[in-house]
Each structure stands twice: as structure tokens, then as C-alpha cells.
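Chemist: This one is data_26.txt, compact mmCIF, C-alpha atoms and all ligand atoms.
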# COMPACT_ATOMS: atom_id res chain seq x y z
CA MET A 910 10.38 9.38 11.25
CA THR A 911 7.85 9.29 8.41
CA PRO A 912 8.96 6.70 5.87
CA THR A 913 9.33 7.34 2.17
CA LEU A 914 7.00 5.01 0.30
CA LEU A 915 7.54 4.04 -3.31
CA SER A 916 5.22 2.19 -5.63
CA SER A 917 6.96 -0.94 -6.90
CA PRO A 918 5.96 -1.39 -10.54
CA LEU A 919 3.76 -4.19 -11.82
CA GLN A 920 3.89 -4.50 -15.59
CA GLY A 921 0.30 -4.68 -16.85
CA PHE A 922 -1.11 -2.96 -13.75
CA THR A 923 0.64 0.22 -12.60
CA ASP A 924 0.62 2.23 -15.82
CA PHE A 925 -0.13 5.96 -15.86
CA ARG A 926 -3.91 5.42 -15.70
CA PHE A 927 -3.63 3.39 -12.52
CA ARG A 928 -0.98 5.69 -11.02
CA ASN A 929 -2.98 8.87 -11.56
CA ALA A 930 -6.22 7.41 -10.19
CA PHE A 931 -4.36 5.88 -7.27
CA ASN A 932 -2.69 9.15 -6.41
CA TYR A 933 -5.94 11.10 -6.67
CA TYR A 934 -8.08 8.79 -4.52
CA PHE A 935 -5.60 7.34 -2.01
CA GLY A 936 -2.22 9.12 -1.98
CA GLY A 937 0.57 8.13 0.40
CA ILE A 938 3.09 7.27 -2.32
CA ASP A 939 6.10 9.55 -2.74
CA THR A 940 7.48 8.09 -5.96
CA PHE A 941 6.09 5.69 -8.51
CA TYR A 942 8.57 3.50 -10.37
CA ALA A 943 7.12 2.97 -13.84
CA PRO A 944 7.03 -0.59 -15.21
CA TYR A 945 10.17 -1.43 -17.20
CA ILE A 946 10.97 -0.40 -20.73
CA ARG A 947 12.33 -3.33 -22.71
CA LEU A 948 13.70 -2.97 -26.22
CA ASN A 949 13.47 -6.03 -28.39
CA GLY A 950 16.75 -5.76 -30.24
CA LYS A 951 15.85 -2.43 -31.85
CA LEU A 952 16.67 1.05 -30.58
CA LYS A 953 13.02 2.02 -30.62
CA ILE A 954 10.66 2.86 -27.76
CA LYS A 955 7.26 1.18 -28.11
CA GLN A 956 4.25 3.48 -28.21
CA SER A 957 2.80 2.04 -24.99
CA TYR A 958 6.01 2.95 -23.09
CA GLN A 959 5.95 6.41 -24.67
CA ASN A 960 2.38 6.95 -23.46
CA ASP A 961 3.24 5.67 -20.01
CA LEU A 962 6.09 8.13 -19.52
CA ALA A 963 4.75 11.13 -21.44
CA PRO A 964 4.96 14.16 -19.09
CA LYS A 965 1.39 15.15 -20.00
CA ASN A 966 0.19 11.82 -18.58
CA ASN A 967 2.12 12.21 -15.34
CA THR A 968 1.59 15.84 -14.37
CA SER A 969 0.77 15.37 -10.68
CA LEU A 970 3.03 12.41 -9.96
CA GLN A 971 6.65 11.82 -9.07
CA VAL A 972 7.63 9.07 -11.54
CA THR A 973 10.93 7.28 -12.12
CA PRO A 974 11.24 5.35 -15.39
CA GLN A 975 12.73 1.86 -15.37
CA VAL A 976 14.67 -0.15 -17.95
CA MET A 977 15.44 -3.84 -18.27
CA THR A 978 18.48 -4.64 -20.40
CA ASN A 979 22.01 -6.03 -20.22
CA ASP A 980 23.27 -4.00 -23.15
CA PRO A 981 25.27 -0.78 -22.62
CA GLU A 982 24.05 0.76 -25.93
CA GLU A 983 20.41 0.03 -25.14
CA PHE A 984 20.83 1.39 -21.64
CA LEU A 985 22.28 4.65 -22.93
CA PHE A 986 19.59 4.91 -25.58
CA VAL A 987 16.91 4.70 -22.88
CA VAL A 988 18.83 7.17 -20.69
CA ASN A 989 18.77 9.68 -23.55
CA TYR A 990 15.11 9.02 -24.22
CA VAL A 991 13.97 9.56 -20.63
CA GLN A 992 16.21 12.61 -20.27
CA SER A 993 14.61 14.09 -23.39
CA LEU A 994 11.28 13.83 -21.53
CA GLY A 995 12.74 15.65 -18.52
CA TYR A 996 13.40 12.71 -16.17
CA ASN A 997 16.62 12.90 -14.18
CA GLU A 998 16.71 9.34 -12.83
CA LEU A 999 16.58 5.91 -14.48
CA ASN A 1000 15.96 2.76 -12.48
CA TRP A 1001 17.62 -0.45 -13.69
CA ASN A 1002 15.70 -3.70 -13.25
CA LEU A 1003 17.81 -6.64 -12.06
CA GLY A 1004 14.85 -8.33 -10.44
CA CYS A 1005 12.61 -9.89 -13.06
CA PRO A 1006 12.51 -13.65 -12.35
CA TYR A 1007 10.90 -15.06 -15.48
CA PRO A 1008 13.03 -17.71 -17.26
CA MET A 1009 12.56 -16.04 -20.69
CA VAL A 1010 14.29 -12.99 -19.21
CA THR A 1011 16.83 -14.58 -16.88
CA LYS A 1012 18.03 -17.13 -19.46
CA SER A 1013 19.02 -14.26 -21.71
CA GLY A 1014 21.05 -12.75 -18.85
CA MET A 1015 18.66 -10.00 -17.87
CA GLY A 1016 16.61 -9.18 -14.77
CA SER A 1017 17.66 -11.34 -11.83
CA GLY A 1018 19.70 -13.46 -14.29
CA LEU A 1019 22.20 -10.59 -14.49
CA ILE A 1020 23.01 -10.37 -10.76
CA CYS A 1021 25.57 -13.20 -11.03
CA ASN A 1022 27.43 -11.33 -13.79
CA PRO A 1023 29.22 -8.36 -12.15
CA SER A 1024 31.45 -7.72 -15.18
CA LYS A 1025 28.41 -7.21 -17.41
CA ILE A 1026 26.85 -4.95 -14.78
CA ASN A 1027 30.11 -3.03 -14.80
CA GLU A 1028 30.07 -2.60 -18.60
CA VAL A 1029 26.63 -1.03 -18.49
CA LEU A 1030 27.31 1.24 -15.53
CA HIS A 1031 30.70 2.27 -16.90
CA LYS A 1032 29.26 3.46 -20.19
CA ALA A 1033 26.25 5.09 -18.57
CA HIS A 1034 28.36 7.01 -16.07
CA ASN A 1035 30.94 8.05 -18.64
CA GLU A 1036 28.48 9.18 -21.25
CA SER A 1037 25.60 10.65 -19.29
CA ASN A 1038 24.85 12.56 -16.12
CA ILE A 1039 21.57 10.86 -15.25
CA ALA A 1040 21.11 9.50 -11.72
CA ILE A 1041 20.94 5.72 -11.76
CA SER A 1042 19.12 3.62 -9.19
CA MET A 1043 18.80 -0.15 -9.06
CA LYS A 1044 15.96 -2.51 -8.30
CA MET A 1045 17.14 -6.01 -7.74
CA ARG A 1046 16.68 -9.32 -6.04
CA MET A 1047 19.48 -10.86 -3.98
CA GLY A 1048 20.42 -13.31 -6.71
CA TYR A 1049 18.87 -15.84 -9.05
CA GLU A 1050 20.19 -19.14 -7.65
CA ASN A 1051 21.15 -17.92 -4.19
CA ALA A 1052 21.13 -14.82 -2.04
CA THR A 1053 24.93 -14.42 -1.94
CA GLU A 1054 25.14 -13.35 -5.61
CA ILE A 1055 24.29 -9.79 -4.69
CA LEU A 1056 27.23 -9.62 -2.27
CA GLU A 1057 29.62 -10.15 -5.23
CA ALA A 1058 27.69 -7.62 -7.29
CA PHE A 1059 28.16 -4.98 -4.57
CA SER A 1060 31.91 -4.91 -5.33
CA VAL A 1061 31.00 -3.40 -8.72
CA LEU A 1062 27.96 -1.41 -7.61
CA ASP A 1063 29.98 0.29 -4.86
CA GLN A 1064 32.29 1.80 -7.50
CA TYR A 1065 29.49 3.96 -8.88
CA PRO A 1066 27.53 6.85 -7.37
CA LEU A 1067 24.16 5.10 -7.55
CA LYS A 1068 21.18 6.94 -6.11
CA SER A 1069 19.83 3.87 -4.30
CA ILE A 1070 19.41 0.11 -4.49
CA ALA A 1071 15.92 -1.27 -3.89
CA ILE A 1072 16.09 -4.91 -2.92
CA HIS A 1073 13.20 -7.34 -3.26
CA ALA A 1074 14.24 -9.75 -0.52
CA ARG A 1075 13.83 -12.92 -2.56
CA ILE A 1076 15.90 -14.74 -5.16
CA GLY A 1077 14.80 -15.09 -8.78
CA LYS A 1078 14.32 -18.85 -8.55
CA GLN A 1079 11.52 -18.27 -6.04
CA LEU A 1080 9.48 -16.25 -8.55
CA TYR A 1081 6.93 -14.60 -6.25
CA LYS A 1082 6.55 -17.54 -3.89
CA GLY A 1083 7.99 -18.54 -0.55
CA PRO A 1084 9.01 -16.23 2.24
CA VAL A 1085 11.19 -13.13 1.94
CA ASP A 1086 14.68 -13.75 3.34
CA LEU A 1087 15.21 -11.05 5.94
CA ASP A 1088 18.50 -12.47 7.20
CA ALA A 1089 19.95 -12.21 3.69
CA PHE A 1090 18.58 -8.66 3.37
CA GLU A 1091 20.32 -7.77 6.64
CA LYS A 1092 23.62 -9.02 5.19
CA CYS A 1093 23.13 -6.65 2.26
CA ILE A 1094 22.92 -3.69 4.63
CA HIS A 1095 26.38 -4.52 5.95
CA HIS A 1096 27.94 -5.23 2.54
CA THR A 1097 27.36 -2.03 0.60
CA LYS A 1098 27.93 1.66 1.01
CA HIS A 1099 24.78 2.40 -0.97
CA LYS A 1100 21.43 3.51 0.35
CA LEU A 1101 19.12 0.48 0.41
CA TYR A 1102 15.36 0.48 -0.03
CA TYR A 1103 13.35 -2.51 1.21
CA ASN A 1104 10.84 -4.38 -0.96
CA GLY A 1105 8.77 -7.53 -0.43
CA ASP A 1106 5.46 -8.56 1.12
CA ILE A 1107 4.42 -5.32 2.78
CA THR A 1108 0.73 -6.16 2.85
CA SER A 1109 -0.49 -4.53 6.06
CA VAL A 1110 0.43 -1.83 8.56
CA ALA A 1111 1.57 -4.66 10.87
CA SER A 1112 3.89 -6.22 8.29
CA TYR A 1113 5.35 -2.79 7.53
CA LYS A 1114 6.00 -2.25 11.25
CA THR A 1115 7.72 -5.62 11.62
CA ILE A 1116 10.11 -4.79 8.77
CA GLN A 1117 10.66 -1.25 9.99
CA LYS A 1118 11.48 -2.44 13.53
CA ARG A 1119 13.88 -5.05 12.29
CA PHE A 1120 15.70 -2.61 9.97
CA PRO A 1121 15.67 0.74 11.76
CA THR A 1122 18.24 2.24 9.36
CA ILE A 1123 15.96 1.70 6.36
CA ASN A 1124 13.63 4.58 5.60
CA HIS A 1125 12.47 3.77 2.05
CA PHE A 1126 9.99 1.00 1.36
CA LEU A 1127 8.56 -0.24 -1.94
CA MET A 1128 5.10 -1.70 -2.14
CA GLY A 1129 3.88 -3.69 -5.13
CA ARG A 1130 1.10 -6.23 -4.83
CA GLY A 1131 0.09 -5.01 -1.37
CA LEU A 1132 -0.62 -1.56 -2.71
CA ILE A 1133 -3.01 -2.86 -5.36
CA ALA A 1134 -4.67 -5.28 -2.95
CA ASP A 1135 -5.21 -2.53 -0.39
CA PRO A 1136 -4.73 0.92 -1.91
CA PHE A 1137 -5.37 2.60 1.46
CA LEU A 1138 -2.24 1.00 2.89
CA PRO A 1139 0.39 3.63 1.99
CA SER A 1140 -1.59 6.49 3.54
CA MET A 1141 -2.40 4.36 6.59
CA ILE A 1142 1.31 3.60 7.04
CA LYS A 1143 2.15 7.27 6.66
CA ASN A 1144 -0.50 8.24 9.22
CA ASN A 1145 0.45 5.40 11.54
CA THR A 1146 -3.10 4.10 11.76
CA THR A 1147 -4.94 0.87 11.07
CA GLU A 1148 -8.25 2.72 10.70
CA TYR A 1149 -9.76 2.98 7.24
CA PRO A 1150 -11.60 6.16 6.32
CA LYS A 1151 -15.33 5.94 7.12
CA ASN A 1152 -16.21 6.15 3.43
CA ARG A 1153 -13.64 3.49 2.50
CA TRP A 1154 -15.80 1.63 -0.02
CA LYS A 1155 -17.21 4.79 -1.54
CA ILE A 1156 -13.67 5.95 -2.28
CA PHE A 1157 -12.72 2.53 -3.60
CA SER A 1158 -15.81 2.49 -5.80
CA ALA A 1159 -14.97 5.89 -7.33
CA PHE A 1160 -11.39 4.73 -7.93
CA HIS A 1161 -12.62 1.50 -9.51
CA ASP A 1162 -15.01 3.34 -11.82
CA THR A 1163 -12.28 5.74 -12.88
CA ILE A 1164 -9.83 3.05 -13.93
CA TYR A 1165 -12.63 0.95 -15.47
CA GLN A 1166 -13.70 3.84 -17.65
CA GLN A 1167 -10.17 4.63 -18.74
CA TYR A 1168 -9.24 1.06 -19.57
CA ASP A 1169 -12.56 0.60 -21.32
CA GLU A 1170 -11.80 3.57 -23.56
CA TYR A 1171 -8.28 2.35 -24.24
CA LEU A 1172 -8.96 -1.34 -24.78
CA SER A 1173 -11.49 -2.22 -27.40
CA GLY A 1174 -14.18 -4.80 -26.81
CA PRO A 1175 -15.67 -6.59 -23.84
CA THR A 1176 -13.08 -9.38 -23.50
CA PRO A 1177 -9.93 -7.25 -23.04
CA ILE A 1178 -11.59 -5.00 -20.42
CA LYS A 1179 -12.93 -8.05 -18.62
CA MET A 1180 -9.45 -9.64 -18.52
CA LYS A 1181 -7.90 -6.37 -17.40
CA MET A 1182 -10.33 -5.92 -14.52
CA LEU A 1183 -10.16 -9.60 -13.57
CA GLY A 1184 -6.41 -9.13 -13.19
CA PHE A 1185 -7.03 -6.22 -10.82
CA TRP A 1186 -9.63 -8.17 -8.85
CA GLU A 1187 -7.11 -10.90 -8.18
CA PHE A 1188 -5.57 -8.22 -5.95
CA PHE A 1189 -8.63 -6.13 -4.96
CA SER A 1190 -10.50 -9.24 -3.77
CA LYS A 1191 -7.86 -9.80 -1.08
CA SER A 1192 -9.12 -6.86 0.94
CA THR A 1193 -12.77 -7.90 0.79
CA SER A 1194 -14.33 -9.98 3.56
CA ASN A 1195 -14.46 -13.11 1.39
CA PRO A 1196 -11.67 -12.96 -1.22
CA LYS A 1197 -12.44 -16.27 -2.93
CA LYS A 1198 -16.14 -15.57 -3.25
CA THR A 1199 -15.45 -12.05 -4.53
CA TYR A 1200 -13.00 -13.21 -7.18
CA LYS A 1201 -15.30 -16.04 -8.26
CA ALA A 1202 -18.22 -13.63 -8.67
CA ILE A 1203 -16.15 -11.27 -10.83
CA LYS A 1204 -14.87 -14.17 -12.90
CA LYS A 1205 -18.43 -15.36 -13.51
CA ALA A 1206 -19.69 -11.98 -14.71
CA GLY A 1207 -19.92 -12.69 -18.41
CA ASN A 1208 -20.53 -9.23 -19.87
CA PRO A 1209 -19.96 -5.58 -18.91
CA ILE A 1210 -23.50 -5.14 -17.50
CA LYS A 1211 -23.15 -8.20 -15.27
CA TYR A 1212 -19.66 -7.07 -14.30
CA LYS A 1213 -20.90 -3.66 -13.16
CA GLN A 1214 -23.79 -5.25 -11.23
CA THR A 1215 -21.39 -7.66 -9.54
CA VAL A 1216 -19.01 -4.88 -8.52
CA ALA A 1217 -21.95 -2.85 -7.14
CA GLN A 1218 -23.11 -5.89 -5.13
CA ILE A 1219 -19.63 -6.53 -3.73
CA ILE A 1220 -19.21 -2.92 -2.67
CA HIS A 1221 -22.72 -2.76 -1.25
CA SER A 1222 -22.16 -5.81 0.92
CA GLU A 1223 -18.72 -4.61 2.10
CA MET A 1224 -20.31 -1.26 3.08
CA LYS A 1225 -22.89 -3.06 5.23
CA LEU A 1226 -20.25 -4.92 7.28
C1 LIG B 1301 2.64 -9.14 -12.46
C2 LIG B 1301 3.89 -8.50 -11.92
C3 LIG B 1301 4.58 -7.57 -12.72
C4 LIG B 1301 5.76 -6.97 -12.24
N1 LIG B 1301 6.41 -6.05 -13.03
C5 LIG B 1301 7.55 -5.45 -12.56
C6 LIG B 1301 8.24 -4.44 -13.31
O1 LIG B 1301 7.86 -4.04 -14.42
N2 LIG B 1301 9.37 -3.91 -12.77
C7 LIG B 1301 9.82 -4.27 -11.53
O2 LIG B 1301 10.84 -3.75 -11.06
N3 LIG B 1301 9.18 -5.20 -10.79
C8 LIG B 1301 8.06 -5.78 -11.27
N4 LIG B 1301 7.40 -6.68 -10.47
C9 LIG B 1301 7.87 -6.93 -9.09
C10 LIG B 1301 7.21 -5.98 -8.08
O3 LIG B 1301 7.47 -4.63 -8.38
C11 LIG B 1301 7.74 -6.24 -6.65
O4 LIG B 1301 9.12 -6.03 -6.64
C12 LIG B 1301 7.44 -7.64 -6.14
O5 LIG B 1301 6.11 -8.02 -6.41
C13 LIG B 1301 7.71 -7.75 -4.64
O6 LIG B 1301 7.08 -6.72 -3.92
P1 LIG B 1301 5.60 -6.90 -3.26
O7 LIG B 1301 5.68 -8.11 -2.35
O8 LIG B 1301 5.37 -5.61 -2.53
O9 LIG B 1301 4.66 -7.14 -4.40
C14 LIG B 1301 6.25 -7.30 -10.94
C15 LIG B 1301 5.52 -8.21 -10.16
C16 LIG B 1301 4.38 -8.81 -10.61
C17 LIG B 1301 3.64 -9.79 -9.73
For the structure just supplied, provide its representation as C-alpha cells.
Ligand SMILES: Cc1cc2nc3c(=O)[nH]c(=O)nc-3n(C[C@H](O)[C@H](O)[C@H](O)COP(=O)(O)O)c2cc1C
Modeler:
Amino acid sequence: MTPTLLSSPLQGFTDFRFRNAFNYYFGGIDTFYAPYIRLNGKLKIKQSYQNDLAPKNNTSLQVTPQVMTNDPEEFLFVVNYVQSLGYNELNWNLGCPYPMVTKSGMGSGLICNPSKINEVLHKAHNESNIAISMKMRMGYENATEILEAFSVLDQYPLKSIAIHARIGKQLYKGPVDLDAFEKCIHHTKHKLYYNGDITSVASYKTIQKRFPTINHFLMGRGLIADPFLPSMIKNNTTEYPKNRWKIFSAFHDTIYQQYDEYLSGPTPIKMKMLGFWEFFSKSTSNPKKTYKAIKKAGNPIKYKQTVAQIIHSEMKL
């Protein structure tokens, strides 16, 4: 069966500019989760979030907005906002691992607090008709926290629960815990989506074989590192298109141009693209050398020359 592939959001990377260019040049993704909306104490949606979700910026994409909060009022405010834009699903982030977030009882720091989760879901389900989906880790301190949370989650008609098979304390390091993910499958009535370390067709196949009942997979860092991956998984092939680097080059130039227009000055665009190259470099033949070369490129002209050289030498291989 063809899997459903979802783009797992990366704040700072997978905004509407990236999503549109990705979809145009590579495809293979069924739904893009947008990076989270976070309100800082005020019931006000920042302009950058508004731009990211504006229907005119997402015309050819299936997008699901995401929120990170532990406050029922805030949650409902965001529900109403995204519904006013025409979205019919809101994804709730209980995965973010950063101490600034978890210490204030949000992201993966909320998984160990089922009564708070209940407060939010209770209000949302009583006062709105939006579909709610979750994206969570298996806990912050340990992977059994989610099992307790299921007792609350199972009381609500959630659309799905995407699980990043790590705990918050791990940040993004260490292995995914597939045994703990397997326990989740047996402890909830909800539809689970798998997330974590799908970085190749082979790693997708390993996960898919181990969990034959799972048919939805989220890809985050792997999708940026190798944007051909989702369509290769869908087509069950490990072959890249013949014009792989030409396509990548056109994609690169598209996002470069758009970020260059949006960000002002040479330093912000350089930092933005350097962030992307931390991922892009991984699918070049010499990741360290590639990243170092991009890092060294001191101005936009040198940057463009360096990118052209990298692509030229990859094409020759
Ligand atoms: C820089 C960065 C930003 C992220 N931002 C978000 C976010 O806004 N919302 C979210 O649900 N997950 C976020 N994540 C987590 C990823 O979506 C994903 O769940 C995680 O990286 C594991 O999947 P992967 O191994 O496929 O990358 C972020 C991860 C990174 C590294």
C-alpha cells in the first residue's frame, strides 16, 4: 500500500516559501504540518505566522496549522483564527524539547500532565468543531509518560497522533526508541503516525516492515537533507532522477531568491542558507567539505559561485 507522507515541521526552515518550492520541484508529500504558532501571553497572531498560513501563500498545498500552548483560551483563540482562514484541522505540539518551553509546561513538558491536556481538549471539543490532531514525543523524562496521557487522549475523537519516537530529554540526539513506539500502538485506540529518523528509502522500509499497521509517516530533517526522498519512497525506488542536481539547483535558486527578497542584507540571507546547507550538505558526496565551503563564502557572489561549484562537481560524479 502506498504510504501517506507528511512533512514534519521545522521552525525556521519549512515555512510557506520552502513548502511551495519543495512541492513544485520534488513532490511526494501529502500534507505539510506548518511550524507551530506560539502566542507570547497575548491573544495576537504574529505577522510571520499570518503570512505562513495565509491561503494565498498555500494555494497548491495541503497544509495543517500547528499550535504550541498549554492554555485552553489560547488554544481556542488559535482554533478560531485558523478556522477563519478555512483550515479544518489544528495540530497540537507536545513534542518541543527545549528547556525554555518544557520548563513552562509546554511541548514535551506537557506530556506528563494529563489533567492539563484534558482541560485544553475539553474546552476545544466543547466550544469548536475543528478536527484536532497531536504531534508528540513519548515523554520528557521517560517513554512511559505517553501511556498515562493516552487515558485522556482516548476520551476525545482526535484525528491522529503523530509520535516522534524519542523523549524530550534526548533533544534530537540518540536513537529512536522503537520498542517504546510499539507499546504506544497497543495502548491507544487512536490512529498513530510514525516520526523519527527517516533519512533514506532503506530506513523507511525498516520502520514500515517493523510496524505494518502504520501507514502515515512524518519526515523532518531527512526531507530537507534529501528532498527527493518522499517521491522515491512513494515510487519504491532508490534511483534519483537523471537530472537530480539540475532540479536541486533550480529549487535552491528559487528559495534563495525568495529569502533574499524577504530578508534584508547579506548576513541574514547567508545565515538562512547556511542553516539549509547543514541539511543539504548531507546528501552531497563530501558533506563536511561542502558545508565548510558554504560557511567560508563571505559574500553573496562567493556564495553563488560556491553553490555552482558544488553542484557542478556532484553532477560529474
Ligand atoms: C530546528 C528544528 C525545528 C523544529 N520545529 C518544529 C516545529 O515547529 N513543530 C514540530 O512539531 N516539530 C518541530 N521539530 C521537530 C521535527 O518536526 C521532527 O519531529 C523531528 O526532527 C524528528 O523527525 P526527523 O528525524 O524526521 O527530523 C523541529 C526540529 C528541528 C531540528
Chemist: Please return as a compact mmCIF listing (two decimals) with C-alpha atoms, in the coordinates of the input the residues found within 6 Å of ligand LIG 1301 (chain B), counting only C-alpha atoms and all ligand atoms.
Modeler:
# COMPACT_ATOMS: atom_id res chain seq x y z
CA SER A 917 6.96 -0.94 -6.90
CA PRO A 918 5.96 -1.39 -10.54
CA LEU A 919 3.76 -4.19 -11.82
CA GLN A 920 3.89 -4.50 -15.59
CA PRO A 944 7.03 -0.59 -15.21
CA TYR A 945 10.17 -1.43 -17.20
CA ASN A 1002 15.70 -3.70 -13.25
CA LYS A 1044 15.96 -2.51 -8.30
CA HIS A 1073 13.20 -7.34 -3.26
CA ASN A 1104 10.84 -4.38 -0.96
CA GLY A 1105 8.77 -7.53 -0.43
CA ASP A 1106 5.46 -8.56 1.12
CA ILE A 1107 4.42 -5.32 2.78
CA MET A 1128 5.10 -1.70 -2.14
CA GLY A 1129 3.88 -3.69 -5.13
CA ARG A 1130 1.10 -6.23 -4.83
CA GLY A 1131 0.09 -5.01 -1.37
Chemist: What's the separation between CA of Gly1018 in chain A and CA of Tyr1081 in chain A, in Å to one decimal place?
Modeler: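 Between these atoms lies a distance of 15.1 Å.
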Chemist: Measure the distance from CA of Lys1179 in chain A to CA of Ala1206 in chain A in Å and round it to one decimal.
Modeler: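 Atom-to-atom, CA of Lys1179 in chain A to CA of Ala1206 in chain A, that is 8.7 Å.
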Chemist: May I have the residues within 12 Å of Pro1121 in chain A as a VMD selection string, using all atoms listed in the file and disregarding those fewer than 4 positions away in the same chain?
Modeler: chain A and resid 910 912 1091 1094 1101 to 1103 1113 to 1117 1125 to 1126
Chemist: So that I can check the surroundings of Ile1219 in chain A, please list as a PyMOL selection string every protein, DNA and RNA residue that reaches within 7 Å of it, counting only C-alpha atoms and ignoring chain neighbours fewer than 4 positions away.
Modeler: chain A and resi 1199+1215+1223
Chemist: What is the distance between CA of Tyr1007 in chain A and CA of Gln1167 in chain A, in Å to one decimal?
Modeler: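 CA of Gln1167 in chain A lies at a distance of 29.0 Å from CA of Tyr1007 in chain A.
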Chemist: For range 1140-1155 of chain A, please output as a PyMOL selection string all residues within 8 Å (counting all atoms listed in the file; exclusion window: fewer than 5 positions along the same chain).
Modeler: chain A and resi 911-912+935-938+1110+1113+1220+1223-1224
Chemist: Can you tell me which residues surround Ala1058 in chain A at a distance of at most 12 Å, considering only C-alpha atoms, apart from same-chain residues fewer than 3 positions away, and format the answer as a PyMOL selection string?
Modeler: chain A and resi 1003+1017+1019-1027+1043+1045-1048+1052-1055+1061-1065+1070+1093+1096-1097
Chemist: Please identify all polymer residues within 9 Å of range 951-955 of chain A, counting only C-alpha atoms, omitting same-chain residues fewer than 5 positions from it, and present them as a list in words.
Modeler: Ile946, Asn960, Glu982, Glu983, Phe986, Val987 and Tyr990 of chain A
Chemist: Go through A:Gly921, A:Ala1089, A:Asp1135, A:His1034 and flag the residue nearest Met1180 in chain A, using only C-alpha atoms for the distances.
Modeler: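 So, comparing all the options, the nearest one is A:Gly921.
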Chemist: Output as AutoDock Vina command-line options the centre and edge lengths (Å, one decimal) of the box along x, y and z of the file that holds every listed atom of range 990-1003 of chain A after adding 4 Å on each side.
Modeler:
--center_x 14.5 --center_y 4.5 --center_z -18.1 --size_x 14.5 --size_y 30.3 --size_z 20.2
Chemist: With all atoms listed in the file as the atoms that count, which of A:Ala1134, A:Leu985, A:Asn997, A:Gly1207 lies nearest to Leu948 in chain A?
Modeler: A:Leu985
Chemist: Kindly indicate which residue among A:Thr940, A:Thr978, A:Gln992, A:Ser1069 lies nearest to Gly1014 in chain A, using all atoms listed in the file for the distances.
Modeler: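 For Gly1014 in chain A, the nearest of the candidates is A:Thr978.
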Chemist: Kindly output range 1055-1073 of chain A as an mmCIF file, in the frame of the given file, after building N, CA and C atoms.
Modeler:
data_model
loop_
_atom_site.group_PDB
_atom_site.id
_atom_site.type_symbol
_atom_site.label_atom_id
_atom_site.label_comp_id
_atom_site.auth_asym_id
_atom_site.auth_seq_id
_atom_site.Cartn_x
_atom_site.Cartn_y
_atom_site.Cartn_z
ATOM 1 N N ILE A 1055 24.304 -11.256 -4.784
ATOM 2 C CA ILE A 1055 24.290 -9.790 -4.690
ATOM 3 C C ILE A 1055 25.532 -9.263 -3.954
ATOM 4 N N LEU A 1056 26.070 -10.081 -3.042
ATOM 5 C CA LEU A 1056 27.230 -9.620 -2.270
ATOM 6 C C LEU A 1056 28.422 -9.401 -3.210
ATOM 7 N N GLU A 1057 28.562 -10.310 -4.204
ATOM 8 C CA GLU A 1057 29.620 -10.150 -5.230
ATOM 9 C C GLU A 1057 29.327 -8.907 -6.075
ATOM 10 N N ALA A 1058 28.061 -8.748 -6.431
ATOM 11 C CA ALA A 1058 27.690 -7.620 -7.290
ATOM 12 C C ALA A 1058 27.994 -6.275 -6.613
ATOM 13 N N PHE A 1059 27.893 -6.242 -5.277
ATOM 14 C CA PHE A 1059 28.160 -4.980 -4.570
ATOM 15 C C PHE A 1059 29.569 -4.456 -4.847
ATOM 16 N N SER A 1060 30.534 -5.391 -5.099
ATOM 17 C CA SER A 1060 31.910 -4.910 -5.330
ATOM 18 C C SER A 1060 31.952 -4.013 -6.568
ATOM 19 N N VAL A 1061 31.085 -4.280 -7.550
ATOM 20 C CA VAL A 1061 31.000 -3.400 -8.720
ATOM 21 C C VAL A 1061 30.089 -2.202 -8.412
ATOM 22 N N LEU A 1062 28.939 -2.490 -7.843
ATOM 23 C CA LEU A 1062 27.960 -1.410 -7.610
ATOM 24 C C LEU A 1062 28.553 -0.304 -6.731
ATOM 25 N N ASP A 1063 29.407 -0.701 -5.784
ATOM 26 C CA ASP A 1063 29.980 0.290 -4.860
ATOM 27 C C ASP A 1063 30.973 1.237 -5.546
ATOM 28 N N GLN A 1064 31.356 0.899 -6.782
ATOM 29 C CA GLN A 1064 32.290 1.800 -7.500
ATOM 30 C C GLN A 1064 31.569 2.971 -8.180
ATOM 31 N N TYR A 1065 30.242 2.929 -8.160
ATOM 32 C CA TYR A 1065 29.490 3.960 -8.880
ATOM 33 C C TYR A 1065 28.611 4.760 -7.911
ATOM 34 N N PRO A 1066 28.354 6.005 -8.268
ATOM 35 C CA PRO A 1066 27.530 6.850 -7.370
ATOM 36 C C PRO A 1066 26.035 6.609 -7.588
ATOM 37 N N LEU A 1067 25.579 5.404 -7.320
ATOM 38 C CA LEU A 1067 24.160 5.100 -7.550
ATOM 39 C C LEU A 1067 23.301 5.893 -6.570
ATOM 40 N N LYS A 1068 22.066 6.201 -7.008
ATOM 41 C CA LYS A 1068 21.180 6.940 -6.110
ATOM 42 C C LYS A 1068 20.709 6.026 -4.966
ATOM 43 N N SER A 1069 20.366 4.797 -5.308
ATOM 44 C CA SER A 1069 19.830 3.870 -4.300
ATOM 45 C C SER A 1069 19.770 2.471 -4.900
ATOM 46 N N ILE A 1070 19.630 1.487 -4.024
ATOM 47 C CA ILE A 1070 19.410 0.110 -4.490
ATOM 48 C C ILE A 1070 18.185 -0.424 -3.750
ATOM 49 N N ALA A 1071 17.116 -0.661 -4.497
ATOM 50 C CA ALA A 1071 15.920 -1.270 -3.890
ATOM 51 C C ALA A 1071 16.064 -2.774 -4.010
ATOM 52 N N ILE A 1072 15.914 -3.449 -2.900
ATOM 53 C CA ILE A 1072 16.090 -4.910 -2.920
ATOM 54 C C ILE A 1072 14.787 -5.616 -2.570
ATOM 55 N N HIS A 1073 14.313 -6.421 -3.532
ATOM 56 C CA HIS A 1073 13.200 -7.340 -3.260
ATOM 57 C C HIS A 1073 13.845 -8.555 -2.603
#
